[in-house]
Amino acid sequence: MRNESVLVVDDAPEIRAFLTELLQGEGFAVETATDGQEAIEMLEGRFFDVVLTDVNMPRKDGMAVLDYIQEHSPDSICILVTGYGSIRDAVEAMRKGAFDYLTKPVKAEEVALVIERALEVRELRRENQNLKKELRTRYGFDRIVGASPAMQDLFDLIEKVADTESTVLITGESGTGKELIAHAIHFASDRRDNSFIPINCGAIPPELLESELFGHEKGAFTHAIRTRIGRFELANKGTIFLDEVGEMSPALQVKLLRVLQDRQFERVGGVRTIRVDIRVIAATNIDLEEAVREGRFREDLYYRLNVIPIHVPPLRERVSDIPLLVQHFLERFRQKNRGRLERVAEDAMQCLMAYEWPGNVRELENLMERMSILASGPVLTAQDLPASFTRATGYPLSEGIPVPVPTLPEEGLSLNAAVQTFEKNLILQALDRTGGVKNRAAQLLRLNRTTLIEKMKKQRLMTPATRGRGGRPAKKKPEGTAPSRAAAGA
Ligand SMILES: Nc1ncnc2c1ncn2[C@@H]1O[C@H](COP(=O)(O)OP(=O)(O)OP(=O)(O)O)[C@@H](O)[C@H]1O
Ligand SMILES: [Mg+2]
């Protein structure tokens, strides 16, 4: 017994009986309908894997059944049985999306074979769809992390433009995610099942770029031993991503303009005009408008490219994305490197949020990879960060050790009270750690002894017990909740 169900539709009782017996013999669950109308009613109620239907029937014919399936049950396979010699029906059925057709009188082996093949094809198609879905998540929106209003606007924009044919120009500093966005646009578009062909115009020597883009004919130049297809041809029906488009030579700019205008070109050394159906996405991290003003970039080309501008803001302008990105990369690298690093302590996060990020997300990604490998425990503290990151907080470093900084509460707080608490807390900790020896406590706090004593008086920390040399401090545990490294790192 198999799982698949077959609906046999025919107005002739002897054919229904014949097919039913045959298919039940093959192990299918078989049901019958006497005409198109009844078949459609049955299809409304339940799913059939295969519908085997006669074409000519009273009330509704086989074509109507096929139409219904195409519209309402596209996962069902429809096979038509046409009268002898009605090849026109068969052609029409195939055009409308029937899987196949059989001509009367139907032969037993033929029926079984066609159904078997149809089920195989459908299985393959399903697998393929799953693969594509996986590709989509790999390159789709969900790989782009961003909660900041700027990124949310960007997601909306991507969604709006994806399904159009319009040329997109993505601008933004290096490492902001331009290529990721180009991918996402392609995979959110109708072209997702066709190629996404990237080419970095800045990374290929100018003399090679032309044949890389347009291909060349055999013998076009010294090393052109055979004909080669260029990226524009490879991208046919898909998307071409012209990265660092600002680096193109003036001669190539002219050729690109023609492709954008007419979707046609010739291979290098060729005479035949090649037409392509492509979507163009370009990216640049230079200011193209300035390049236009300076005569380095053609103005007409700039307008052709800049149909839909997408600007990706630098990371320092969307600080609220940093914690999310950090978490995203931590998880990725923990899996990849089997690292132990699980989270980033408050003080380290503050350093990361205050940093300028000249290399943007790529720099953050690299840092997190490095940290995940070097980390000694599950929590990354400011102390673990390279000095360039902690310096960025703008707070004084003590011998390269960043000073932990409390967060300003939403409703604000009294700076004076906070400074007092901070100072008192650290003095108490220093005294506690040194068993009340003021000389050593002063050293820990980089103060001289008299300054420490003055501060202790002001803070009313001079109890009799703390006065004498070697005495014990009045309080053993620091009070208040000003963050200490230990607290922040816990
Ligand atoms: N919003 C984001 N979420 C997750 N990863 C990101 C994001 N933005 C960038 N990245 C990652 O940062 C790295 C750099 O991104 P990408 O290559 O797309 O930047 P780019 O703008 O094209 O840089 P360049 O101008 O240097 O070519 C990639 O590894 C990418 O996966
Ligand atoms: Mg890039």
# chains A, B, ... in the order shown; residues from 1 in each chain; ligands from 1
call {"tool": "residues_near_ligand", "arguments": {"ligand": "ligand 1", "cutoff": "6 Å", "atoms": "only C-alpha atoms and all ligand atoms", "output": "PyMOL selection string"}}
result
chain A and resi 143-146+173-180+285+361-362
call {"tool": "residues_around", "arguments": {"residues": "Gly269 in chain A", "least_positions_apart": "6", "cutoff": "9 Å", "atoms": "only C-alpha atoms", "output": "PDB file with all heavy atoms, in the first residue's frame"}}
result
ATOM      1  N   HIS A 216      34.895  37.809 -24.305  1.00  0.00           N
ATOM      2  CA  HIS A 216      35.648  38.111 -25.511  1.00  0.00           C
ATOM      3  C   HIS A 216      35.541  36.969 -26.507  1.00  0.00           C
ATOM      4  O   HIS A 216      35.214  35.835 -26.149  1.00  0.00           O
ATOM      5  CB  HIS A 216      37.120  38.416 -25.181  1.00  0.00           C
ATOM      6  CG  HIS A 216      37.848  37.288 -24.542  1.00  0.00           C
ATOM      7  ND1 HIS A 216      38.374  37.378 -23.272  1.00  0.00           N
ATOM      8  CD2 HIS A 216      38.132  36.026 -24.958  1.00  0.00           C
ATOM      9  CE1 HIS A 216      38.955  36.232 -22.947  1.00  0.00           C
ATOM     10  NE2 HIS A 216      38.817  35.398 -23.957  1.00  0.00           N
ATOM     11  N   GLU A 217      35.824  37.306 -27.776  1.00  0.00           N
ATOM     12  CA  GLU A 217      35.838  36.285 -28.808  1.00  0.00           C
ATOM     13  C   GLU A 217      37.251  35.722 -28.872  1.00  0.00           C
ATOM     14  O   GLU A 217      38.229  36.398 -28.530  1.00  0.00           O
ATOM     15  CB  GLU A 217      35.461  36.889 -30.169  1.00  0.00           C
ATOM     16  CG  GLU A 217      34.047  37.437 -30.246  1.00  0.00           C
ATOM     17  CD  GLU A 217      32.964  36.365 -30.168  1.00  0.00           C
ATOM     18  OE1 GLU A 217      33.294  35.162 -30.303  1.00  0.00           O
ATOM     19  OE2 GLU A 217      31.784  36.724 -29.969  1.00  0.00           O
ATOM     20  N   LYS A 218      37.328  34.518 -29.340  1.00  0.00           N
ATOM     21  CA  LYS A 218      38.628  33.875 -29.543  1.00  0.00           C
ATOM     22  C   LYS A 218      39.494  34.773 -30.433  1.00  0.00           C
ATOM     23  O   LYS A 218      39.034  35.272 -31.457  1.00  0.00           O
ATOM     24  CB  LYS A 218      38.367  32.539 -30.242  1.00  0.00           C
ATOM     25  CG  LYS A 218      39.574  31.702 -30.467  1.00  0.00           C
ATOM     26  CD  LYS A 218      39.121  30.366 -31.064  1.00  0.00           C
ATOM     27  CE  LYS A 218      40.330  29.608 -31.580  1.00  0.00           C
ATOM     28  NZ  LYS A 218      39.940  28.330 -32.163  1.00  0.00           N
ATOM     29  N   GLY A 219      40.717  35.002 -30.006  1.00  0.00           N
ATOM     30  CA  GLY A 219      41.632  35.797 -30.823  1.00  0.00           C
ATOM     31  C   GLY A 219      41.471  37.302 -30.678  1.00  0.00           C
ATOM     32  O   GLY A 219      42.134  38.071 -31.370  1.00  0.00           O
ATOM     33  N   ALA A 220      40.589  37.720 -29.755  1.00  0.00           N
ATOM     34  CA  ALA A 220      40.368  39.163 -29.604  1.00  0.00           C
ATOM     35  C   ALA A 220      41.639  39.892 -29.167  1.00  0.00           C
ATOM     36  O   ALA A 220      41.883  41.032 -29.524  1.00  0.00           O
ATOM     37  CB  ALA A 220      39.252  39.417 -28.593  1.00  0.00           C
ATOM     38  N   PHE A 221      42.447  39.224 -28.368  1.00  0.00           N
ATOM     39  CA  PHE A 221      43.749  39.783 -27.987  1.00  0.00           C
ATOM     40  C   PHE A 221      44.695  38.613 -27.727  1.00  0.00           C
ATOM     41  O   PHE A 221      44.276  37.439 -27.777  1.00  0.00           O
ATOM     42  CB  PHE A 221      43.641  40.710 -26.773  1.00  0.00           C
ATOM     43  CG  PHE A 221      42.797  40.180 -25.664  1.00  0.00           C
ATOM     44  CD1 PHE A 221      43.333  39.338 -24.700  1.00  0.00           C
ATOM     45  CD2 PHE A 221      41.431  40.500 -25.599  1.00  0.00           C
ATOM     46  CE1 PHE A 221      42.548  38.839 -23.683  1.00  0.00           C
ATOM     47  CE2 PHE A 221      40.637  39.995 -24.578  1.00  0.00           C
ATOM     48  CZ  PHE A 221      41.193  39.160 -23.622  1.00  0.00           C
TER      49      PHE A 221
END
call {"tool": "residues_around", "arguments": {"residues": "Ile286 in chain A", "least_positions_apart": "6", "cutoff": "10 Å", "atoms": "only C-alpha atoms", "output": "PyMOL selection string"}}
result
chain A and resi 171-174+244-247
call {"tool": "select_by_dssp", "arguments": {"residues": "range 170-376 of chain A", "states": "strand (DSSP E or B)", "output": "ChimeraX atom specification"}}
result
/A:170-171,196-200,215-216,228-229,239-243,264-266,268,273-275,279-284,308-311,343-344
call {"tool": "write_last_selection", "arguments": {"atoms": "N, CA and C atoms", "output": "short mmCIF file (atom, residue, chain, number, x, y, z; two decimals), in the first residue's frame"}}
result
data_model
loop_
_atom_site.label_atom_id
_atom_site.label_comp_id
_atom_site.auth_asym_id
_atom_site.auth_seq_id
_atom_site.Cartn_x
_atom_site.Cartn_y
_atom_site.Cartn_z
N ILE A 170 23.77 51.28 -4.21
CA ILE A 170 23.96 51.21 -2.76
C ILE A 170 25.23 51.97 -2.40
N THR A 171 25.07 52.94 -1.52
CA THR A 171 26.24 53.70 -1.09
C THR A 171 26.46 53.51 0.40
N PHE A 196 22.98 35.29 -9.25
CA PHE A 196 23.43 36.56 -8.70
C PHE A 196 24.92 36.60 -9.01
N ILE A 197 25.32 37.51 -9.89
CA ILE A 197 26.72 37.53 -10.32
C ILE A 197 27.39 38.80 -9.82
N PRO A 198 28.29 38.65 -8.85
CA PRO A 198 28.99 39.84 -8.35
C PRO A 198 30.28 40.06 -9.11
N ILE A 199 30.66 41.30 -9.27
CA ILE A 199 31.98 41.59 -9.82
C ILE A 199 32.51 42.84 -9.15
N ASN A 200 33.74 42.76 -8.67
CA ASN A 200 34.33 43.89 -7.99
C ASN A 200 35.18 44.69 -8.98
N GLY A 215 32.97 39.63 -21.79
CA GLY A 215 33.45 38.42 -22.46
C GLY A 215 34.29 38.80 -23.68
N HIS A 216 34.89 37.81 -24.30
CA HIS A 216 35.65 38.11 -25.51
C HIS A 216 35.54 36.97 -26.51
N ARG A 228 35.18 33.58 -24.52
CA ARG A 228 34.82 33.55 -23.12
C ARG A 228 33.56 34.37 -22.88
N ILE A 229 32.71 33.84 -22.06
CA ILE A 229 31.46 34.53 -21.74
C ILE A 229 31.70 35.47 -20.57
N THR A 239 20.68 38.75 -11.64
CA THR A 239 21.12 40.06 -11.17
C THR A 239 22.63 40.17 -11.29
N ILE A 240 23.11 41.31 -11.77
CA ILE A 240 24.56 41.54 -11.73
C ILE A 240 24.83 42.59 -10.66
N PHE A 241 25.85 42.32 -9.86
CA PHE A 241 26.19 43.26 -8.79
C PHE A 241 27.54 43.89 -9.11
N LEU A 242 27.52 45.15 -9.48
CA LEU A 242 28.75 45.87 -9.84
C LEU A 242 29.28 46.58 -8.60
N ASP A 243 30.22 45.92 -7.95
CA ASP A 243 30.75 46.47 -6.70
C ASP A 243 31.85 47.47 -7.04
N GLN A 264 22.18 45.73 -24.12
CA GLN A 264 22.91 45.01 -25.15
C GLN A 264 24.36 45.48 -25.25
N PHE A 265 25.19 44.60 -25.81
CA PHE A 265 26.63 44.87 -25.91
C PHE A 265 27.24 43.86 -26.87
N GLU A 266 28.53 44.05 -27.18
CA GLU A 266 29.25 43.05 -27.95
C GLU A 266 30.39 42.52 -27.08
N VAL A 268 34.25 41.52 -26.40
CA VAL A 268 35.49 42.15 -26.87
C VAL A 268 35.95 41.39 -28.12
N THR A 273 25.80 41.49 -31.68
CA THR A 273 25.23 42.19 -30.53
C THR A 273 24.49 41.18 -29.65
N ILE A 274 24.81 41.21 -28.37
CA ILE A 274 24.20 40.26 -27.44
C ILE A 274 23.22 41.02 -26.56
N ARG A 275 22.01 40.46 -26.45
CA ARG A 275 21.00 41.10 -25.60
C ARG A 275 20.89 40.33 -24.29
N ARG A 279 19.08 42.49 -14.06
CA ARG A 279 18.81 43.53 -13.09
C ARG A 279 20.18 44.00 -12.60
N VAL A 280 20.37 45.31 -12.54
CA VAL A 280 21.67 45.83 -12.15
C VAL A 280 21.60 46.44 -10.74
N ILE A 281 22.51 45.97 -9.89
CA ILE A 281 22.69 46.60 -8.58
C ILE A 281 24.15 47.04 -8.53
N ALA A 282 24.39 48.29 -8.19
CA ALA A 282 25.77 48.77 -8.11
C ALA A 282 26.02 49.23 -6.69
N ALA A 283 27.29 49.26 -6.31
CA ALA A 283 27.64 49.76 -4.98
C ALA A 283 28.93 50.56 -5.07
N THR A 284 29.05 51.49 -4.16
CA THR A 284 30.28 52.29 -4.12
C THR A 284 30.50 52.81 -2.72
N ILE A 308 17.37 54.03 -7.90
CA ILE A 308 16.94 53.85 -6.51
C ILE A 308 18.18 53.87 -5.62
N PRO A 309 18.41 54.99 -4.95
CA PRO A 309 19.58 55.06 -4.07
C PRO A 309 19.27 54.41 -2.72
N ILE A 310 20.20 53.61 -2.26
CA ILE A 310 20.08 53.06 -0.91
C ILE A 310 21.35 53.42 -0.17
N HIS A 311 21.19 54.20 0.89
CA HIS A 311 22.38 54.58 1.64
C HIS A 311 22.43 53.77 2.94
N ARG A 343 28.92 36.05 26.35
CA ARG A 343 28.34 37.38 26.33
C ARG A 343 29.39 38.43 26.65
N VAL A 344 28.95 39.69 26.47
CA VAL A 344 29.86 40.81 26.63
C VAL A 344 29.40 41.61 27.84
#
call {"tool": "closest_residue", "arguments": {"among": "A:Leu209, A:Met248, A:Ile79, A:Ile453", "to": "Gly97 in chain A", "atoms": "only C-alpha atoms"}}
result
A:Ile79
call {"tool": "closest_residue", "arguments": {"among": "A:Leu305, A:Lys336, A:Gly359, A:Ala98", "to": "ligand 2", "atoms": "only C-alpha atoms and all ligand atoms"}}
result
A:Gly359
call {"tool": "closest_residue", "arguments": {"among": "A:Ser372, A:Thr434, A:Asn360, A:Asn3", "to": "ligand 2", "atoms": "only C-alpha atoms and all ligand atoms"}}
result
A:Asn360
call {"tool": "closest_residue", "arguments": {"among": "A:Gly25, A:Arg192, A:Gly202, A:Asp61", "to": "ligand 2", "atoms": "only C-alpha atoms and all ligand atoms"}}
result
A:Gly202
call {"tool": "residues_around", "arguments": {"residues": "Glu299 in chain A", "least_positions_apart": "2", "cutoff": "12 Å", "atoms": "only C-alpha atoms", "output": "list in words"}}
result
Gly246, Pro250, Gln253, Val254, Leu257, Leu288, Glu289, Glu290, Ala291, Val292, Arg293, Glu294, Gly295, Arg296, Phe297, Leu301, Tyr302, Tyr303, Arg304, Leu305 and Asn306 of chain A
call {"tool": "atom_distance", "arguments": {"atom1": "CA of Leu252 in chain A", "atom2": "CA of Glu212 in chain A"}}
result
11.4 Å
call {"tool": "closest_residue", "arguments": {"among": "A:Ser148, A:Cys201, A:Gly412, A:Leu428", "to": "ligand 2", "atoms": "only C-alpha atoms and all ligand atoms"}}
result
A:Cys201
call {"tool": "residues_around", "arguments": {"residues": "range 71-77 of chain A", "least_positions_apart": "2", "cutoff": "7 Å", "atoms": "only C-alpha atoms", "output": "ChimeraX atom specification"}}
result
/A:48-51,67-69,79,99,118
call {"tool": "atom_distance", "arguments": {"atom1": "CA of Ala348 in chain A", "atom2": "CA of Leu380 in chain A"}}
result
6.8 Å
call {"tool": "select_by_dssp", "arguments": {"residues": "range 79-243 of chain A", "states": "alpha helix (DSSP H)", "output": "MDAnalysis selection string"}}
result
chainID A and resid 87:95 108:139 149:162 178:187 206:214 231:234
call {"tool": "residues_around", "arguments": {"residues": "Pro323 in chain A", "least_positions_apart": "3", "cutoff": "12 Å", "atoms": "only C-alpha atoms", "output": "JSON list (two decimals) with all heavy atoms, in the first residue's frame"}}
result
[["chain", "number", "residue", "atom", "x", "y", "z"],
["A", 145, "VAL", "N", 21.32, 41.97, 10.32],
["A", 145, "VAL", "CA", 20.90, 42.31, 11.67],
["A", 145, "VAL", "C", 20.77, 43.82, 11.78],
["A", 145, "VAL", "O", 21.63, 44.55, 11.29],
["A", 145, "VAL", "CB", 21.95, 41.81, 12.69],
["A", 145, "VAL", "CG1", 21.60, 42.26, 14.09],
["A", 145, "VAL", "CG2", 22.06, 40.30, 12.60],
["A", 146, "GLY", "N", 19.72, 44.27, 12.39],
["A", 146, "GLY", "CA", 19.57, 45.71, 12.55],
["A", 146, "GLY", "C", 18.24, 46.07, 13.16],
["A", 146, "GLY", "O", 17.19, 45.70, 12.65],
["A", 147, "ALA", "N", 18.28, 46.76, 14.28],
["A", 147, "ALA", "CA", 17.05, 47.16, 14.95],
["A", 147, "ALA", "C", 16.91, 48.68, 14.95],
["A", 147, "ALA", "O", 15.86, 49.21, 15.27],
["A", 147, "ALA", "CB", 17.05, 46.65, 16.38],
["A", 148, "SER", "N", 17.97, 49.37, 14.59],
["A", 148, "SER", "CA", 17.93, 50.83, 14.62],
["A", 148, "SER", "C", 16.89, 51.32, 13.61],
["A", 148, "SER", "O", 16.60, 50.64, 12.63],
["A", 148, "SER", "CB", 19.29, 51.39, 14.24],
["A", 148, "SER", "OG", 19.66, 50.93, 12.96],
["A", 315, "LEU", "N", 28.29, 52.43, 11.02],
["A", 315, "LEU", "CA", 27.89, 51.82, 12.29],
["A", 315, "LEU", "C", 27.85, 52.83, 13.44],
["A", 315, "LEU", "O", 26.99, 52.76, 14.30],
["A", 315, "LEU", "CB", 28.86, 50.68, 12.62],
["A", 315, "LEU", "CG", 28.48, 49.76, 13.78],
["A", 315, "LEU", "CD1", 27.08, 49.20, 13.60],
["A", 315, "LEU", "CD2", 29.49, 48.65, 13.93],
["A", 318, "ARG", "N", 24.53, 54.27, 14.07],
["A", 318, "ARG", "CA", 23.42, 53.41, 14.51],
["A", 318, "ARG", "C", 23.92, 52.51, 15.64],
["A", 318, "ARG", "O", 23.88, 51.28, 15.56],
["A", 318, "ARG", "CB", 22.84, 52.61, 13.36],
["A", 318, "ARG", "CG", 23.85, 52.00, 12.43],
["A", 318, "ARG", "CD", 23.20, 51.37, 11.21],
["A", 318, "ARG", "NE", 24.14, 51.00, 10.21],
["A", 318, "ARG", "CZ", 24.61, 49.75, 10.01],
["A", 318, "ARG", "NH1", 24.17, 48.78, 10.74],
["A", 318, "ARG", "NH2", 25.47, 49.52, 9.07],
["A", 319, "VAL", "N", 24.33, 53.21, 16.70],
["A", 319, "VAL", "CA", 24.93, 52.55, 17.86],
["A", 319, "VAL", "C", 24.00, 51.49, 18.44],
["A", 319, "VAL", "O", 24.44, 50.47, 18.96],
["A", 319, "VAL", "CB", 25.29, 53.61, 18.91],
["A", 319, "VAL", "CG1", 25.77, 52.98, 20.19],
["A", 319, "VAL", "CG2", 26.35, 54.54, 18.34],
["A", 320, "SER", "N", 22.68, 51.71, 18.32],
["A", 320, "SER", "CA", 21.75, 50.75, 18.94],
["A", 320, "SER", "C", 21.80, 49.39, 18.25],
["A", 320, "SER", "O", 21.29, 48.41, 18.79],
["A", 320, "SER", "CB", 20.33, 51.31, 18.92],
["A", 320, "SER", "OG", 19.91, 51.56, 17.61],
["A", 326, "VAL", "N", 26.72, 42.26, 18.05],
["A", 326, "VAL", "CA", 27.67, 41.56, 18.91],
["A", 326, "VAL", "C", 27.12, 40.16, 19.23],
["A", 326, "VAL", "O", 27.81, 39.16, 19.09],
["A", 326, "VAL", "CB", 27.93, 42.37, 20.21],
["A", 326, "VAL", "CG1", 28.55, 41.50, 21.28],
["A", 326, "VAL", "CG2", 28.81, 43.57, 19.91],
["A", 327, "GLN", "N", 25.85, 40.12, 19.62],
["A", 327, "GLN", "CA", 25.24, 38.84, 19.98],
["A", 327, "GLN", "C", 25.21, 37.90, 18.77],
["A", 327, "GLN", "O", 25.54, 36.72, 18.87],
["A", 327, "GLN", "CB", 23.82, 39.10, 20.51],
["A", 327, "GLN", "CG", 23.34, 38.05, 21.51],
["A", 327, "GLN", "CD", 24.37, 37.75, 22.59],
["A", 327, "GLN", "OE1", 24.94, 38.67, 23.18],
["A", 327, "GLN", "NE2", 24.65, 36.48, 22.85],
["A", 328, "HIS", "N", 24.85, 38.48, 17.62],
["A", 328, "HIS", "CA", 24.79, 37.72, 16.37],
["A", 328, "HIS", "C", 26.14, 37.09, 16.05],
["A", 328, "HIS", "O", 26.26, 35.90, 15.78],
["A", 328, "HIS", "CB", 24.36, 38.69, 15.27],
["A", 328, "HIS", "CG", 24.43, 38.15, 13.88],
["A", 328, "HIS", "ND1", 23.51, 37.24, 13.39],
["A", 328, "HIS", "CD2", 25.28, 38.41, 12.86],
["A", 328, "HIS", "CE1", 23.81, 36.96, 12.14],
["A", 328, "HIS", "NE2", 24.88, 37.65, 11.78],
["A", 329, "PHE", "N", 27.20, 37.87, 16.14],
["A", 329, "PHE", "CA", 28.53, 37.36, 15.79],
["A", 329, "PHE", "C", 29.04, 36.39, 16.86],
["A", 329, "PHE", "O", 29.68, 35.39, 16.56],
["A", 329, "PHE", "CB", 29.52, 38.50, 15.57],
["A", 329, "PHE", "CG", 29.21, 39.31, 14.34],
["A", 329, "PHE", "CD1", 29.22, 40.70, 14.37],
["A", 329, "PHE", "CD2", 28.92, 38.68, 13.14],
["A", 329, "PHE", "CE1", 28.93, 41.44, 13.23],
["A", 329, "PHE", "CE2", 28.63, 39.41, 11.99],
["A", 329, "PHE", "CZ", 28.64, 40.80, 12.04],
["A", 330, "LEU", "N", 28.73, 36.71, 18.12],
["A", 330, "LEU", "CA", 29.15, 35.81, 19.20],
["A", 330, "LEU", "C", 28.61, 34.41, 18.97],
["A", 330, "LEU", "O", 29.34, 33.43, 19.06],
["A", 330, "LEU", "CB", 28.60, 36.31, 20.54],
["A", 330, "LEU", "CG", 29.47, 37.26, 21.34],
["A", 330, "LEU", "CD1", 28.87, 37.47, 22.72],
["A", 330, "LEU", "CD2", 30.87, 36.70, 21.48],
["A", 343, "ARG", "N", 28.92, 36.05, 26.35],
["A", 343, "ARG", "CA", 28.34, 37.38, 26.33],
["A", 343, "ARG", "C", 29.39, 38.43, 26.65],
["A", 343, "ARG", "O", 30.51, 38.13, 27.05],
["A", 343, "ARG", "CB", 27.15, 37.49, 27.28],
["A", 343, "ARG", "CG", 27.48, 37.18, 28.70],
["A", 343, "ARG", "CD", 26.24, 37.20, 29.56],
["A", 343, "ARG", "NE", 26.67, 37.25, 30.95],
["A", 343, "ARG", "CZ", 26.97, 38.38, 31.58],
["A", 343, "ARG", "NH1", 26.84, 39.54, 30.97],
["A", 343, "ARG", "NH2", 27.39, 38.34, 32.83],
["A", 344, "VAL", "N", 28.95, 39.69, 26.47],
["A", 344, "VAL", "CA", 29.86, 40.81, 26.63],
["A", 344, "VAL", "C", 29.40, 41.61, 27.84],
["A", 344, "VAL", "O", 28.22, 41.98, 27.93],
["A", 344, "VAL", "CB", 29.84, 41.67, 25.35],
["A", 344, "VAL", "CG1", 30.56, 42.97, 25.55],
["A", 344, "VAL", "CG2", 30.46, 40.88, 24.20],
["A", 345, "ALA", "N", 30.29, 41.85, 28.77],
["A", 345, "ALA", "CA", 29.93, 42.57, 29.99],
["A", 345, "ALA", "C", 29.61, 44.03, 29.67],
["A", 345, "ALA", "O", 30.03, 44.56, 28.64],
["A", 345, "ALA", "CB", 31.07, 42.50, 31.00],
["A", 346, "GLU", "N", 28.86, 44.63, 30.58],
["A", 346, "GLU", "CA", 28.40, 46.01, 30.39],
["A", 346, "GLU", "C", 29.55, 46.97, 30.07],
["A", 346, "GLU", "O", 29.45, 47.78, 29.15],
["A", 346, "GLU", "CB", 27.67, 46.43, 31.68],
["A", 346, "GLU", "CG", 26.97, 47.76, 31.61],
["A", 346, "GLU", "CD", 25.88, 47.80, 30.56],
["A", 346, "GLU", "OE1", 25.29, 46.75, 30.24],
["A", 346, "GLU", "OE2", 25.64, 48.90, 30.03],
["A", 348, "ALA", "N", 32.47, 46.40, 28.73],
["A", 348, "ALA", "CA", 33.03, 46.16, 27.40],
["A", 348, "ALA", "C", 32.05, 46.68, 26.33],
["A", 348, "ALA", "O", 32.45, 47.29, 25.34],
["A", 348, "ALA", "CB", 33.29, 44.68, 27.20],
["A", 349, "MET", "N", 30.76, 46.44, 26.59],
["A", 349, "MET", "CA", 29.75, 46.90, 25.61],
["A", 349, "MET", "C", 29.80, 48.42, 25.48],
["A", 349, "MET", "O", 29.65, 48.97, 24.39],
["A", 349, "MET", "CB", 28.36, 46.44, 26.06],
["A", 349, "MET", "CG", 27.29, 46.63, 25.02],
["A", 349, "MET", "SD", 27.62, 45.67, 23.52],
["A", 349, "MET", "CE", 26.85, 44.12, 23.93],
["A", 350, "GLN", "N", 30.03, 49.08, 26.60],
["A", 350, "GLN", "CA", 30.11, 50.54, 26.54],
["A", 350, "GLN", "C", 31.29, 51.00, 25.70],
["A", 350, "GLN", "O", 31.20, 51.96, 24.95],
["A", 350, "GLN", "CB", 30.19, 51.12, 27.93],
["A", 350, "GLN", "CG", 28.81, 51.13, 28.56],
["A", 350, "GLN", "CD", 28.83, 51.66, 29.96],
["A", 350, "GLN", "OE1", 29.81, 52.26, 30.39],
["A", 350, "GLN", "NE2", 27.75, 51.43, 30.67],
["A", 351, "CYS", "N", 32.40, 50.29, 25.84],
["A", 351, "CYS", "CA", 33.57, 50.62, 25.02],
["A", 351, "CYS", "C", 33.21, 50.44, 23.54],
["A", 351, "CYS", "O", 33.52, 51.28, 22.70],
["A", 351, "CYS", "CB", 34.74, 49.72, 25.36],
["A", 351, "CYS", "SG", 35.37, 49.97, 27.02],
["A", 352, "LEU", "N", 32.53, 49.31, 23.24],
["A", 352, "LEU", "CA", 32.20, 49.03, 21.84],
["A", 352, "LEU", "C", 31.23, 50.07, 21.28],
["A", 352, "LEU", "O", 31.31, 50.45, 20.11],
["A", 352, "LEU", "CB", 31.60, 47.62, 21.71],
["A", 352, "LEU", "CG", 32.52, 46.47, 22.13],
["A", 352, "LEU", "CD1", 31.81, 45.13, 21.93],
["A", 352, "LEU", "CD2", 33.83, 46.49, 21.34],
["A", 353, "MET", "N", 30.31, 50.53, 22.14],
["A", 353, "MET", "CA", 29.33, 51.50, 21.66],
["A", 353, "MET", "C", 29.93, 52.89, 21.51],
["A", 353, "MET", "O", 29.39, 53.73, 20.79],
["A", 353, "MET", "CB", 28.10, 51.50, 22.56],
["A", 353, "MET", "CG", 27.28, 50.23, 22.35],
["A", 353, "MET", "SD", 25.95, 49.99, 23.51],
["A", 353, "MET", "CE", 24.67, 51.01, 22.79],
["A", 354, "ALA", "N", 31.02, 53.13, 22.20],
["A", 354, "ALA", "CA", 31.64, 54.46, 22.10],
["A", 354, "ALA", "C", 32.69, 54.52, 21.00],
["A", 354, "ALA", "O", 33.13, 55.58, 20.60],
["A", 354, "ALA", "CB", 32.29, 54.82, 23.45],
["A", 361, "VAL", "N", 30.77, 47.31, 10.22],
["A", 361, "VAL", "CA", 30.36, 45.99, 10.71],
["A", 361, "VAL", "C", 31.46, 44.95, 10.49],
["A", 361, "VAL", "O", 31.65, 44.06, 11.31],
["A", 361, "VAL", "CB", 29.05, 45.54, 10.04],
["A", 361, "VAL", "CG1", 28.58, 44.23, 10.63],
["A", 361, "VAL", "CG2", 27.97, 46.61, 10.21],
["A", 364, "LEU", "N", 33.75, 45.03, 13.37],
["A", 364, "LEU", "CA", 33.12, 44.43, 14.55],
["A", 364, "LEU", "C", 33.12, 42.91, 14.43],
["A", 364, "LEU", "O", 33.41, 42.19, 15.39],
["A", 364, "LEU", "CB", 31.69, 44.97, 14.70],
["A", 364, "LEU", "CG", 30.85, 44.38, 15.84],
["A", 364, "LEU", "CD1", 31.49, 44.63, 17.18],
["A", 364, "LEU", "CD2", 29.44, 44.96, 15.82],
["A", 368, "MET", "N", 34.98, 40.36, 16.98],
["A", 368, "MET", "CA", 34.28, 39.31, 17.72],
["A", 368, "MET", "C", 34.87, 37.94, 17.44],
["A", 368, "MET", "O", 34.92, 37.09, 18.32],
["A", 368, "MET", "CB", 32.77, 39.33, 17.42],
["A", 368, "MET", "CG", 32.02, 40.56, 17.91],
["A", 368, "MET", "SD", 32.56, 41.23, 19.49],
["A", 368, "MET", "CE", 32.07, 39.93, 20.58]]
call {"tool": "residues_around", "arguments": {"residues": "Asp35 in chain A", "least_positions_apart": "6", "cutoff": "9 Å", "atoms": "only C-alpha atoms", "output": "PyMOL selection string"}}
result
chain A and resi 9-11+53-54+56-62
